[in-house]
Amino acid sequence: MDGVALLHPEDAVFEAMLSGFAKQQRGGRRLDKKTVKGRDGQLRRFAKFTDEYPWNWTAAHMDEWMVSLISERGLAHSTLRSYQLTVRLFCDFLISPAYEWAAECEKRFGTHPVQICHEWNTVQHLTDYEGQGERRPFTREELQKFFDYCDDRIDIAARSRRKGALAAYRDATLFKVLYGWGLRRTEGCKLDLVDFHRNASAPELGRYGMLQVRWGKASKGSPPRRRNVATVMPWAVEAVEDYVVNIRPRFGVPGHPALWLTERGGRLQPRELNDRFTAYRDAIGLPPELTPHSLRHSHVTHQIEDGVDPKFVQDQVGHRYASTTAIYTAVRPCLTNPAWLETPGTHARCVVGVARVRPVHGRSSALRSHAPDAASPALRADGAICQTRPSGDFMNTMMRKALDRAFERDADLGDTG
């Protein structure tokens with residue numbers, strides 16, 4: 001900008017600052033585009049609130065903005081902290097000698113930017129979990145009720161030849177996969193057919209013994225983290241295999257890599273999954289605090305309840321730290337705290353009978369199957385898998401004909417799924 005006379009110097013300098021900060025975040029730190037765009041929006045909103053440019057910002061401006069966000073918008077603790085982090089990082093960028101913005105502002109405006117976020121006026125990160133307190137996993141009864149309703153919607157659509165049977169079938173299977181393998185919503189939606197692999201330790205599960213998650217949650221500008229998830233719920237294998245063999249080919253795009261397809265031949269998006277989940281949850285009267293992510297929390301909680309090694313569960317869901325897995329669970333501390341188990345007189349009182357909790361069971365396709373008894377191998381406490389791998393076709397002739405008619409109707413009506 002040296003030697004250049006700007007028509008509106010304040011606006012031009014501010015835009016240049018935002019552009020430089022975005023390049024530093026995206027190019028230097030390799031942050032996601034959504035993160036960079038979100039921070040740009042936060043900084044613009046803060047500038048609009050203060051009606052000042054960054055070289056005139058003060059700590060009092062930050063205090064006033066926080067009061068406004070709390071009183072008028074009721075933002076969560078973690079959201080406020082993220083806003084403060086954005087402003088702090090932007091101020092660090094402006095006052096860094098490497099970018100020379102302080103000298104530029106001093107020359108043009110007779111002042112310079114300063115850091116306005118300090119320990120004494122920002123929210124501190126003091127706890128492992130800052131989410132909403134009402135968020136929780138499903139109980140086993142709630143989860144069984146939810147899965148049964150998913151399957152009932154398939155039955156109703158197929159027998160009445162209603163529009164949407166194909167999409168309902170797909171989503172019911174996806175919900176079971178999120179729970180069965182403990183996946184995040186985005187991880188599940190981005191699965192491809194090739195992500196399932198054989199597990200030499202469980203040959204009876206065929207090609208579904210192991211699942212490679214290639215789009216795990218990224219952190220600190222890193223690419224998505226990958227992990228391999230061992231199959232621990234054989235009934236979920238039945239559901240996936242049934243979908244792959246009998247349902248997915250009906251979408252008519254065999255060359256597409258995605259596991260979950262729409263009628264238009266694209267990949268299912270997380271927002272579509274959210275809409276279906278919310279509709280089903282509300283229809284059967286489950287509480288609104290249950291979300292698709294609650295299926296992942298339920299996987300962790302139920303595995304720990306059934307006596308599975310917490311370290312194994314931690315690796316399965318891709319947590320770096322045991323404390324993260326611990327806050328996912330809704331079980332008594334005796335099941336996750338080794339120190340508690342070592343306390344005299346507590347071990348037997350805590351763990352006797354825990355592994356005999358009746359496991360949740362999802363049935364594949366529209367064929368009714370009964371939930372296993374308490375001794376079923378589907379969720380055994382020792383983690384062993386000894387259930388025979390099912391065949392590829394689970395539906396009787398009558399149901400097959402009903403589904404054929406329903407899916408043909410879907411094609412005629414142009415179901416968008």
# chains A, B, ... in the order shown; residues from 1 in each chain; ligands from 1
$ residues_around --residues "region 115-125 of chain A" --least-positions-apart "2" --cutoff "12 Å" --atoms "only C-alpha atoms" --output "mmCIF file with all heavy atoms, in the first residue's frame"
data_model
loop_
_atom_site.group_PDB
_atom_site.id
_atom_site.type_symbol
_atom_site.label_atom_id
_atom_site.label_comp_id
_atom_site.auth_asym_id
_atom_site.auth_seq_id
_atom_site.Cartn_x
_atom_site.Cartn_y
_atom_site.Cartn_z
ATOM 1 N N PRO A 54 -10.396 -2.124 13.428
ATOM 2 C CA PRO A 54 -9.570 -2.894 14.386
ATOM 3 C C PRO A 54 -8.522 -2.079 15.123
ATOM 4 O O PRO A 54 -8.205 -2.404 16.271
ATOM 5 C CB PRO A 54 -8.924 -3.950 13.481
ATOM 6 C CG PRO A 54 -9.888 -4.142 12.364
ATOM 7 C CD PRO A 54 -10.464 -2.788 12.109
ATOM 8 N N TRP A 55 -7.966 -1.035 14.509
ATOM 9 C CA TRP A 55 -6.946 -0.245 15.190
ATOM 10 C C TRP A 55 -7.527 0.650 16.292
ATOM 11 O O TRP A 55 -6.770 1.254 17.056
ATOM 12 C CB TRP A 55 -6.158 0.595 14.186
ATOM 13 C CG TRP A 55 -7.003 1.356 13.204
ATOM 14 C CD1 TRP A 55 -7.489 2.619 13.343
ATOM 15 C CD2 TRP A 55 -7.462 0.880 11.943
ATOM 16 N NE1 TRP A 55 -8.236 2.981 12.246
ATOM 17 C CE2 TRP A 55 -8.232 1.935 11.362
ATOM 18 C CE3 TRP A 55 -7.327 -0.310 11.236
ATOM 19 C CZ2 TRP A 55 -8.844 1.807 10.114
ATOM 20 C CZ3 TRP A 55 -7.926 -0.428 9.990
ATOM 21 C CH2 TRP A 55 -8.681 0.622 9.433
ATOM 22 N N ASN A 56 -8.866 0.661 16.375
ATOM 23 C CA ASN A 56 -9.517 1.417 17.458
ATOM 24 C C ASN A 56 -10.233 0.504 18.464
ATOM 25 O O ASN A 56 -10.887 1.005 19.389
ATOM 26 C CB ASN A 56 -10.526 2.410 16.880
ATOM 27 C CG ASN A 56 -9.868 3.529 16.105
ATOM 28 O OD1 ASN A 56 -8.791 3.995 16.486
ATOM 29 N ND2 ASN A 56 -10.473 3.973 15.007
ATOM 30 N N TRP A 57 -10.133 -0.788 18.264
ATOM 31 C CA TRP A 57 -10.799 -1.716 19.188
ATOM 32 C C TRP A 57 -10.142 -1.667 20.563
ATOM 33 O O TRP A 57 -8.914 -1.520 20.690
ATOM 34 C CB TRP A 57 -10.719 -3.144 18.662
ATOM 35 C CG TRP A 57 -11.603 -3.405 17.468
ATOM 36 C CD1 TRP A 57 -12.557 -2.585 16.958
ATOM 37 C CD2 TRP A 57 -11.573 -4.573 16.634
ATOM 38 N NE1 TRP A 57 -13.150 -3.172 15.851
ATOM 39 C CE2 TRP A 57 -12.572 -4.390 15.640
ATOM 40 C CE3 TRP A 57 -10.836 -5.740 16.635
ATOM 41 C CZ2 TRP A 57 -12.819 -5.345 14.650
ATOM 42 C CZ3 TRP A 57 -11.074 -6.684 15.653
ATOM 43 C CH2 TRP A 57 -12.067 -6.495 14.670
ATOM 44 N N THR A 58 -10.976 -1.830 21.612
ATOM 45 C CA THR A 58 -10.475 -1.870 22.991
ATOM 46 C C THR A 58 -11.087 -3.069 23.715
ATOM 47 O O THR A 58 -12.035 -3.697 23.239
ATOM 48 C CB THR A 58 -10.852 -0.590 23.753
ATOM 49 O OG1 THR A 58 -12.289 -0.540 23.908
ATOM 50 C CG2 THR A 58 -10.372 0.644 23.015
ATOM 51 N N ALA A 59 -10.550 -3.351 24.884
ATOM 52 C CA ALA A 59 -11.078 -4.456 25.696
ATOM 53 C C ALA A 59 -12.528 -4.185 26.085
ATOM 54 O O ALA A 59 -13.324 -5.123 26.232
ATOM 55 C CB ALA A 59 -10.214 -4.645 26.941
ATOM 56 N N ALA A 60 -12.890 -2.909 26.259
ATOM 57 C CA ALA A 60 -14.274 -2.572 26.600
ATOM 58 C C ALA A 60 -15.232 -2.974 25.481
ATOM 59 O O ALA A 60 -16.368 -3.399 25.748
ATOM 60 C CB ALA A 60 -14.389 -1.074 26.883
ATOM 61 N N HIS A 61 -14.792 -2.867 24.244
ATOM 62 C CA HIS A 61 -15.626 -3.317 23.124
ATOM 63 C C HIS A 61 -15.919 -4.813 23.227
ATOM 64 O O HIS A 61 -17.055 -5.255 23.007
ATOM 65 C CB HIS A 61 -14.923 -3.021 21.793
ATOM 66 C CG HIS A 61 -14.894 -1.579 21.424
ATOM 67 N ND1 HIS A 61 -13.774 -0.950 20.921
ATOM 68 C CD2 HIS A 61 -15.854 -0.608 21.492
ATOM 69 C CE1 HIS A 61 -14.041 0.322 20.676
ATOM 70 N NE2 HIS A 61 -15.304 0.556 21.019
ATOM 71 N N MET A 62 -14.891 -5.579 23.559
ATOM 72 C CA MET A 62 -15.085 -7.018 23.707
ATOM 73 C C MET A 62 -16.056 -7.325 24.838
ATOM 74 O O MET A 62 -16.948 -8.180 24.703
ATOM 75 C CB MET A 62 -13.738 -7.692 23.953
ATOM 76 C CG MET A 62 -13.826 -9.187 24.281
ATOM 77 S SD MET A 62 -14.630 -10.182 23.013
ATOM 78 C CE MET A 62 -13.472 -10.029 21.661
ATOM 79 N N ASP A 63 -15.928 -6.627 25.960
ATOM 80 C CA ASP A 63 -16.829 -6.845 27.089
ATOM 81 C C ASP A 63 -18.282 -6.545 26.701
ATOM 82 O O ASP A 63 -19.195 -7.305 27.035
ATOM 83 C CB ASP A 63 -16.420 -5.955 28.273
ATOM 84 C CG ASP A 63 -15.039 -6.313 28.807
ATOM 85 O OD1 ASP A 63 -14.564 -7.424 28.513
ATOM 86 O OD2 ASP A 63 -14.446 -5.470 29.511
ATOM 87 N N GLU A 64 -18.495 -5.454 25.999
ATOM 88 C CA GLU A 64 -19.849 -5.072 25.601
ATOM 89 C C GLU A 64 -20.445 -6.081 24.617
ATOM 90 O O GLU A 64 -21.629 -6.392 24.672
ATOM 91 C CB GLU A 64 -19.819 -3.671 24.973
ATOM 92 C CG GLU A 64 -19.482 -2.564 25.958
ATOM 93 C CD GLU A 64 -19.239 -1.236 25.266
ATOM 94 O OE1 GLU A 64 -19.383 -1.179 24.024
ATOM 95 O OE2 GLU A 64 -18.900 -0.257 25.947
ATOM 96 N N TRP A 65 -19.617 -6.589 23.705
ATOM 97 C CA TRP A 65 -20.098 -7.573 22.735
ATOM 98 C C TRP A 65 -20.507 -8.863 23.424
ATOM 99 O O TRP A 65 -21.545 -9.458 23.114
ATOM 100 C CB TRP A 65 -19.008 -7.836 21.694
ATOM 101 C CG TRP A 65 -19.485 -8.587 20.482
ATOM 102 C CD1 TRP A 65 -20.672 -8.429 19.829
ATOM 103 C CD2 TRP A 65 -18.781 -9.613 19.779
ATOM 104 N NE1 TRP A 65 -20.760 -9.279 18.754
ATOM 105 C CE2 TRP A 65 -19.614 -10.022 18.698
ATOM 106 C CE3 TRP A 65 -17.544 -10.221 19.930
ATOM 107 C CZ2 TRP A 65 -19.224 -11.010 17.789
ATOM 108 C CZ3 TRP A 65 -17.153 -11.193 19.021
ATOM 109 C CH2 TRP A 65 -17.991 -11.591 17.973
ATOM 110 N N MET A 66 -19.705 -9.301 24.395
ATOM 111 C CA MET A 66 -20.026 -10.527 25.114
ATOM 112 C C MET A 66 -21.342 -10.384 25.881
ATOM 113 O O MET A 66 -22.169 -11.302 25.906
ATOM 114 C CB MET A 66 -18.890 -10.880 26.077
ATOM 115 C CG MET A 66 -17.615 -11.365 25.406
ATOM 116 S SD MET A 66 -17.830 -12.924 24.491
ATOM 117 C CE MET A 66 -17.857 -12.330 22.791
ATOM 118 N N VAL A 67 -21.540 -9.233 26.517
ATOM 119 C CA VAL A 67 -22.793 -8.994 27.243
ATOM 120 C C VAL A 67 -23.976 -9.068 26.281
ATOM 121 O O VAL A 67 -25.024 -9.648 26.588
ATOM 122 C CB VAL A 67 -22.759 -7.638 27.959
ATOM 123 C CG1 VAL A 67 -24.132 -7.288 28.519
ATOM 124 C CG2 VAL A 67 -21.733 -7.649 29.079
ATOM 125 N N ALA A 76 -24.097 -20.350 23.905
ATOM 126 C CA ALA A 76 -23.517 -21.318 24.833
ATOM 127 C C ALA A 76 -22.115 -20.897 25.250
ATOM 128 O O ALA A 76 -21.437 -20.109 24.573
ATOM 129 C CB ALA A 76 -23.475 -22.698 24.189
ATOM 130 N N HIS A 77 -21.667 -21.455 26.357
ATOM 131 C CA HIS A 77 -20.341 -21.175 26.907
ATOM 132 C C HIS A 77 -19.255 -21.418 25.867
ATOM 133 O O HIS A 77 -18.360 -20.580 25.656
ATOM 134 C CB HIS A 77 -20.131 -22.071 28.136
ATOM 135 C CG HIS A 77 -18.858 -21.829 28.873
ATOM 136 N ND1 HIS A 77 -18.777 -21.034 29.988
ATOM 137 C CD2 HIS A 77 -17.604 -22.287 28.658
ATOM 138 C CE1 HIS A 77 -17.535 -21.019 30.437
ATOM 139 N NE2 HIS A 77 -16.797 -21.770 29.642
ATOM 140 N N SER A 78 -19.314 -22.553 25.199
ATOM 141 C CA SER A 78 -18.282 -22.906 24.225
ATOM 142 C C SER A 78 -18.319 -21.986 23.009
ATOM 143 O O SER A 78 -17.279 -21.682 22.416
ATOM 144 C CB SER A 78 -18.442 -24.358 23.782
ATOM 145 O OG SER A 78 -19.733 -24.589 23.243
ATOM 146 N N THR A 79 -19.503 -21.522 22.612
ATOM 147 C CA THR A 79 -19.623 -20.620 21.468
ATOM 148 C C THR A 79 -19.000 -19.267 21.782
ATOM 149 O O THR A 79 -18.278 -18.686 20.956
ATOM 150 C CB THR A 79 -21.097 -20.437 21.080
ATOM 151 O OG1 THR A 79 -21.682 -21.716 20.824
ATOM 152 C CG2 THR A 79 -21.228 -19.565 19.842
ATOM 153 N N LEU A 80 -19.242 -18.760 22.975
ATOM 154 C CA LEU A 80 -18.629 -17.495 23.386
ATOM 155 C C LEU A 80 -17.108 -17.608 23.365
ATOM 156 O O LEU A 80 -16.407 -16.694 22.903
ATOM 157 C CB LEU A 80 -19.101 -17.112 24.782
ATOM 158 C CG LEU A 80 -20.582 -16.763 24.942
ATOM 159 C CD1 LEU A 80 -20.907 -16.547 26.417
ATOM 160 C CD2 LEU A 80 -20.953 -15.524 24.131
ATOM 161 N N ARG A 81 -16.610 -18.722 23.849
ATOM 162 C CA ARG A 81 -15.160 -18.912 23.874
ATOM 163 C C ARG A 81 -14.585 -18.961 22.460
ATOM 164 O O ARG A 81 -13.491 -18.456 22.192
ATOM 165 C CB ARG A 81 -14.811 -20.192 24.641
ATOM 166 C CG ARG A 81 -13.328 -20.353 24.930
ATOM 167 C CD ARG A 81 -13.094 -21.411 26.007
ATOM 168 N NE ARG A 81 -13.738 -22.654 25.658
ATOM 169 C CZ ARG A 81 -13.228 -23.548 24.810
ATOM 170 N NH1 ARG A 81 -12.077 -23.309 24.226
ATOM 171 N NH2 ARG A 81 -13.863 -24.676 24.559
ATOM 172 N N SER A 82 -15.317 -19.560 21.520
ATOM 173 C CA SER A 82 -14.825 -19.621 20.144
ATOM 174 C C SER A 82 -14.803 -18.232 19.507
ATOM 175 O O SER A 82 -13.893 -17.910 18.742
ATOM 176 C CB SER A 82 -15.696 -20.580 19.322
ATOM 177 O OG SER A 82 -16.985 -20.034 19.077
ATOM 178 N N TYR A 83 -15.801 -17.395 19.808
ATOM 179 C CA TYR A 83 -15.802 -16.021 19.295
ATOM 180 C C TYR A 83 -14.607 -15.248 19.842
ATOM 181 O O TYR A 83 -13.938 -14.501 19.115
ATOM 182 C CB TYR A 83 -17.098 -15.318 19.695
ATOM 183 C CG TYR A 83 -18.301 -15.665 18.851
ATOM 184 C CD1 TYR A 83 -18.365 -16.867 18.146
ATOM 185 C CD2 TYR A 83 -19.381 -14.802 18.762
ATOM 186 C CE1 TYR A 83 -19.475 -17.183 17.372
ATOM 187 C CE2 TYR A 83 -20.497 -15.114 17.982
ATOM 188 C CZ TYR A 83 -20.539 -16.301 17.303
ATOM 189 O OH TYR A 83 -21.637 -16.622 16.548
ATOM 190 N N GLN A 84 -14.366 -15.409 21.133
ATOM 191 C CA GLN A 84 -13.233 -14.721 21.742
ATOM 192 C C GLN A 84 -11.910 -15.204 21.154
ATOM 193 O O GLN A 84 -10.982 -14.406 20.935
ATOM 194 C CB GLN A 84 -13.250 -14.941 23.257
ATOM 195 C CG GLN A 84 -14.428 -14.277 23.951
ATOM 196 C CD GLN A 84 -14.588 -14.732 25.391
ATOM 197 O OE1 GLN A 84 -13.916 -15.665 25.840
ATOM 198 N NE2 GLN A 84 -15.477 -14.074 26.130
ATOM 199 N N LEU A 85 -11.824 -16.485 20.866
ATOM 200 C CA LEU A 85 -10.609 -17.023 20.264
ATOM 201 C C LEU A 85 -10.368 -16.405 18.894
ATOM 202 O O LEU A 85 -9.222 -16.061 18.542
ATOM 203 C CB LEU A 85 -10.728 -18.543 20.138
ATOM 204 C CG LEU A 85 -9.590 -19.245 19.391
ATOM 205 C CD1 LEU A 85 -8.268 -19.056 20.135
ATOM 206 C CD2 LEU A 85 -9.895 -20.727 19.211
ATOM 207 N N THR A 86 -11.427 -16.232 18.117
ATOM 208 C CA THR A 86 -11.286 -15.628 16.793
ATOM 209 C C THR A 86 -10.724 -14.216 16.884
ATOM 210 O O THR A 86 -9.790 -13.850 16.158
ATOM 211 C CB THR A 86 -12.650 -15.599 16.076
ATOM 212 O OG1 THR A 86 -13.092 -16.944 15.842
ATOM 213 C CG2 THR A 86 -12.547 -14.872 14.745
ATOM 214 N N VAL A 87 -11.287 -13.411 17.771
ATOM 215 C CA VAL A 87 -10.817 -12.031 17.919
ATOM 216 C C VAL A 87 -9.382 -12.011 18.432
ATOM 217 O O VAL A 87 -8.549 -11.219 17.976
ATOM 218 C CB VAL A 87 -11.752 -11.233 18.853
ATOM 219 C CG1 VAL A 87 -11.204 -9.825 19.094
ATOM 220 C CG2 VAL A 87 -13.157 -11.163 18.273
ATOM 221 N N ARG A 88 -9.072 -12.891 19.373
ATOM 222 C CA ARG A 88 -7.708 -12.933 19.915
ATOM 223 C C ARG A 88 -6.692 -13.296 18.833
ATOM 224 O O ARG A 88 -5.625 -12.675 18.720
ATOM 225 C CB ARG A 88 -7.624 -13.929 21.070
ATOM 226 C CG ARG A 88 -6.230 -14.024 21.687
ATOM 227 C CD ARG A 88 -6.218 -14.914 22.919
ATOM 228 N NE ARG A 88 -6.524 -16.293 22.596
ATOM 229 C CZ ARG A 88 -5.621 -17.169 22.112
ATOM 230 N NH1 ARG A 88 -4.385 -16.779 21.875
ATOM 231 N NH2 ARG A 88 -5.972 -18.407 21.877
ATOM 232 N N LEU A 89 -7.011 -14.289 18.007
ATOM 233 C CA LEU A 89 -6.104 -14.692 16.940
ATOM 234 C C LEU A 89 -5.933 -13.581 15.907
ATOM 235 O O LEU A 89 -4.831 -13.361 15.380
ATOM 236 C CB LEU A 89 -6.622 -15.958 16.260
ATOM 237 C CG LEU A 89 -6.589 -17.242 17.097
ATOM 238 C CD1 LEU A 89 -7.257 -18.385 16.337
ATOM 239 C CD2 LEU A 89 -5.156 -17.618 17.455
ATOM 240 N N PHE A 90 -7.024 -12.882 15.617
ATOM 241 C CA PHE A 90 -6.956 -11.778 14.654
ATOM 242 C C PHE A 90 -6.077 -10.654 15.199
ATOM 243 O O PHE A 90 -5.260 -10.076 14.464
ATOM 244 C CB PHE A 90 -8.367 -11.258 14.357
ATOM 245 C CG PHE A 90 -8.426 -10.192 13.303
ATOM 246 C CD1 PHE A 90 -7.966 -10.432 12.019
ATOM 247 C CD2 PHE A 90 -8.955 -8.936 13.596
ATOM 248 C CE1 PHE A 90 -8.026 -9.445 11.039
ATOM 249 C CE2 PHE A 90 -9.024 -7.946 12.625
ATOM 250 C CZ PHE A 90 -8.556 -8.202 11.346
ATOM 251 N N CYS A 91 -6.226 -10.338 16.476
ATOM 252 C CA CYS A 91 -5.389 -9.299 17.079
ATOM 253 C C CYS A 91 -3.922 -9.729 17.097
ATOM 254 O O CYS A 91 -3.021 -8.905 16.845
ATOM 255 C CB CYS A 91 -5.866 -8.986 18.492
ATOM 256 S SG CYS A 91 -7.454 -8.124 18.562
ATOM 257 N N ASP A 92 -3.660 -11.004 17.398
ATOM 258 C CA ASP A 92 -2.282 -11.505 17.350
ATOM 259 C C ASP A 92 -1.692 -11.330 15.955
ATOM 260 O O ASP A 92 -0.515 -10.969 15.792
ATOM 261 C CB ASP A 92 -2.241 -12.984 17.741
ATOM 262 C CG ASP A 92 -2.387 -13.199 19.240
ATOM 263 O OD1 ASP A 92 -2.147 -12.231 20.003
ATOM 264 O OD2 ASP A 92 -2.729 -14.329 19.638
ATOM 265 N N PHE A 93 -2.499 -11.597 14.938
ATOM 266 C CA PHE A 93 -2.064 -11.435 13.556
ATOM 267 C C PHE A 93 -1.728 -9.977 13.258
ATOM 268 O O PHE A 93 -0.707 -9.667 12.626
ATOM 269 C CB PHE A 93 -3.168 -11.942 12.622
ATOM 270 C CG PHE A 93 -2.995 -11.573 11.180
ATOM 271 C CD1 PHE A 93 -2.072 -12.229 10.374
ATOM 272 C CD2 PHE A 93 -3.765 -10.554 10.617
ATOM 273 C CE1 PHE A 93 -1.908 -11.873 9.040
ATOM 274 C CE2 PHE A 93 -3.615 -10.193 9.289
ATOM 275 C CZ PHE A 93 -2.682 -10.861 8.488
ATOM 276 N N LEU A 94 -2.568 -9.056 13.728
ATOM 277 C CA LEU A 94 -2.376 -7.637 13.425
ATOM 278 C C LEU A 94 -1.156 -7.049 14.123
ATOM 279 O O LEU A 94 -0.474 -6.179 13.560
ATOM 280 C CB LEU A 94 -3.623 -6.845 13.805
ATOM 281 C CG LEU A 94 -4.917 -7.166 13.048
ATOM 282 C CD1 LEU A 94 -6.041 -6.258 13.523
ATOM 283 C CD2 LEU A 94 -4.718 -7.042 11.543
ATOM 284 N N ILE A 95 -0.885 -7.488 15.348
ATOM 285 C CA ILE A 95 0.222 -6.875 16.098
ATOM 286 C C ILE A 95 1.547 -7.589 15.878
ATOM 287 O O ILE A 95 2.580 -7.140 16.373
ATOM 288 C CB ILE A 95 -0.101 -6.835 17.608
ATOM 289 C CG1 ILE A 95 -0.211 -8.256 18.184
ATOM 290 C CG2 ILE A 95 -1.377 -6.042 17.870
ATOM 291 C CD1 ILE A 95 -0.488 -8.283 19.683
ATOM 292 N N SER A 96 1.517 -8.691 15.110
ATOM 293 C CA SER A 96 2.759 -9.415 14.838
ATOM 294 C C SER A 96 3.665 -8.581 13.930
ATOM 295 O O SER A 96 3.232 -8.101 12.864
ATOM 296 C CB SER A 96 2.461 -10.747 14.164
ATOM 297 O OG SER A 96 3.661 -11.363 13.707
ATOM 298 N N ALA A 102 0.791 -3.060 12.297
ATOM 299 C CA ALA A 102 0.879 -2.008 13.317
ATOM 300 C C ALA A 102 1.552 -0.768 12.747
ATOM 301 O O ALA A 102 1.087 0.379 12.951
ATOM 302 C CB ALA A 102 1.647 -2.524 14.534
ATOM 303 N N HIS A 112 -2.517 2.275 16.347
ATOM 304 C CA HIS A 112 -2.213 0.904 15.919
ATOM 305 C C HIS A 112 -3.091 -0.080 16.698
ATOM 306 O O HIS A 112 -3.580 0.235 17.793
ATOM 307 C CB HIS A 112 -0.729 0.591 16.140
ATOM 308 C CG HIS A 112 -0.291 0.766 17.562
ATOM 309 N ND1 HIS A 112 -0.463 -0.198 18.529
ATOM 310 C CD2 HIS A 112 0.301 1.827 18.186
ATOM 311 C CE1 HIS A 112 -0.002 0.230 19.677
ATOM 312 N NE2 HIS A 112 0.473 1.462 19.507
ATOM 313 N N PRO A 113 -3.325 -1.282 16.163
ATOM 314 C CA PRO A 113 -4.135 -2.275 16.872
ATOM 315 C C PRO A 113 -3.401 -2.836 18.079
ATOM 316 O O PRO A 113 -2.168 -2.870 18.119
ATOM 317 C CB PRO A 113 -4.364 -3.362 15.808
ATOM 318 C CG PRO A 113 -3.227 -3.224 14.855
ATOM 319 C CD PRO A 113 -2.901 -1.761 14.827
ATOM 320 N N THR A 127 -13.102 -27.235 31.747
ATOM 321 C CA THR A 127 -13.702 -28.562 31.858
ATOM 322 C C THR A 127 -13.544 -29.317 30.556
ATOM 323 O O THR A 127 -13.405 -28.734 29.475
ATOM 324 C CB THR A 127 -15.205 -28.465 32.203
ATOM 325 O OG1 THR A 127 -15.880 -27.756 31.151
ATOM 326 C CG2 THR A 127 -15.408 -27.723 33.513
ATOM 327 N N ASP A 128 -13.585 -30.664 30.631
ATOM 328 C CA ASP A 128 -13.459 -31.496 29.437
ATOM 329 C C ASP A 128 -14.674 -31.366 28.536
ATOM 330 O O ASP A 128 -14.567 -31.435 27.320
ATOM 331 C CB ASP A 128 -13.282 -32.971 29.837
ATOM 332 C CG ASP A 128 -11.944 -33.223 30.505
ATOM 333 O OD1 ASP A 128 -10.970 -32.560 30.105
ATOM 334 O OD2 ASP A 128 -11.886 -34.061 31.425
ATOM 335 N N TYR A 129 -15.850 -31.204 29.142
ATOM 336 C CA TYR A 129 -17.087 -31.178 28.360
ATOM 337 C C TYR A 129 -17.797 -29.857 28.533
ATOM 338 O O TYR A 129 -18.097 -29.451 29.656
ATOM 339 C CB TYR A 129 -18.009 -32.325 28.802
ATOM 340 C CG TYR A 129 -19.303 -32.375 28.023
ATOM 341 C CD1 TYR A 129 -19.308 -32.682 26.669
ATOM 342 C CD2 TYR A 129 -20.519 -32.118 28.647
ATOM 343 C CE1 TYR A 129 -20.485 -32.737 25.945
ATOM 344 C CE2 TYR A 129 -21.715 -32.169 27.936
ATOM 345 C CZ TYR A 129 -21.689 -32.476 26.587
ATOM 346 O OH TYR A 129 -22.852 -32.529 25.873
ATOM 347 N N GLU A 130 -18.041 -29.162 27.413
ATOM 348 C CA GLU A 130 -18.722 -27.875 27.464
ATOM 349 C C GLU A 130 -20.033 -27.907 26.692
ATOM 350 O O GLU A 130 -20.628 -26.871 26.422
ATOM 351 C CB GLU A 130 -17.821 -26.780 26.886
ATOM 352 C CG GLU A 130 -16.596 -26.507 27.725
ATOM 353 C CD GLU A 130 -15.783 -25.359 27.161
ATOM 354 O OE1 GLU A 130 -15.854 -25.102 25.947
ATOM 355 O OE2 GLU A 130 -15.071 -24.712 27.960
#
$ closest_atom_pairs --of "region 102-190 of chain A" --to "region 303-319 of chain A" --cutoff "8 Å" --atoms "only C-alpha atoms" --output "CSV"
residue,atom,partner,partner_atom,distance
A:Trp181,CA,A:Gln316,CA,8.0
A:Gly182,CA,A:Val317,CA,6.0
A:Leu183,CA,A:Val317,CA,7.0
$ closest_atom_pairs --of "region 78-193 of chain A" --to "region 264-275 of chain A" --cutoff "9 Å" --atoms "only C-alpha atoms" --output "Markdown table"
| residue | atom | partner | partner_atom | distance |
| --- | --- | --- | --- | --- |
| A:Asp171 | CA | A:Leu273 | CA | 7.1 |
| A:Leu174 | CA | A:Leu273 | CA | 8.7 |
| A:Phe175 | CA | A:Leu273 | CA | 8.7 |
| A:Arg185 | CA | A:Pro270 | CA | 6.3 |
| A:Thr186 | CA | A:Pro270 | CA | 6.0 |
| A:Gly188 | CA | A:Pro270 | CA | 8.7 |
| A:Cys189 | CA | A:Leu268 | CA | 6.1 |
| A:Lys190 | CA | A:Arg267 | CA | 7.8 |
$ closest_residue --among "A:Gln24, A:Arg276, A:Leu75, A:Asp11" --to "Gly164 (chain A)" --atoms "only C-alpha atoms"
A:Arg276
$ closest_atom_pairs --of "region 81-176 of chain A" --to "region 241-250 of chain A" --cutoff "12 Å" --atoms "only C-alpha atoms" --output "JSON lines"
{"residue": "A:Ile154", "atom": "CA", "partner": "A:Ile247", "partner_atom": "CA", "distance": 11.9}
{"residue": "A:Ala165", "atom": "CA", "partner": "A:Ile247", "partner_atom": "CA", "distance": 10.3}
{"residue": "A:Leu166", "atom": "CA", "partner": "A:Ile247", "partner_atom": "CA", "distance": 7.4}
{"residue": "A:Ala167", "atom": "CA", "partner": "A:Ile247", "partner_atom": "CA", "distance": 9.8}
{"residue": "A:Ala168", "atom": "CA", "partner": "A:Ile247", "partner_atom": "CA", "distance": 10.8}
{"residue": "A:Tyr169", "atom": "CA", "partner": "A:Ile247", "partner_atom": "CA", "distance": 7.7}
{"residue": "A:Arg170", "atom": "CA", "partner": "A:Tyr243", "partner_atom": "CA", "distance": 7.2}
{"residue": "A:Asp171", "atom": "CA", "partner": "A:Tyr243", "partner_atom": "CA", "distance": 10.2}
{"residue": "A:Ala172", "atom": "CA", "partner": "A:Tyr243", "partner_atom": "CA", "distance": 9.8}
{"residue": "A:Thr173", "atom": "CA", "partner": "A:Tyr243", "partner_atom": "CA", "distance": 7.1}
{"residue": "A:Leu174", "atom": "CA", "partner": "A:Tyr243", "partner_atom": "CA", "distance": 9.6}
{"residue": "A:Lys176", "atom": "CA", "partner": "A:Tyr243", "partner_atom": "CA", "distance": 11.4}
$ atom_distance --atom1 "CA of Pro254 (chain A)" --atom2 "CA of Ser160 (chain A)"
27.4 Å
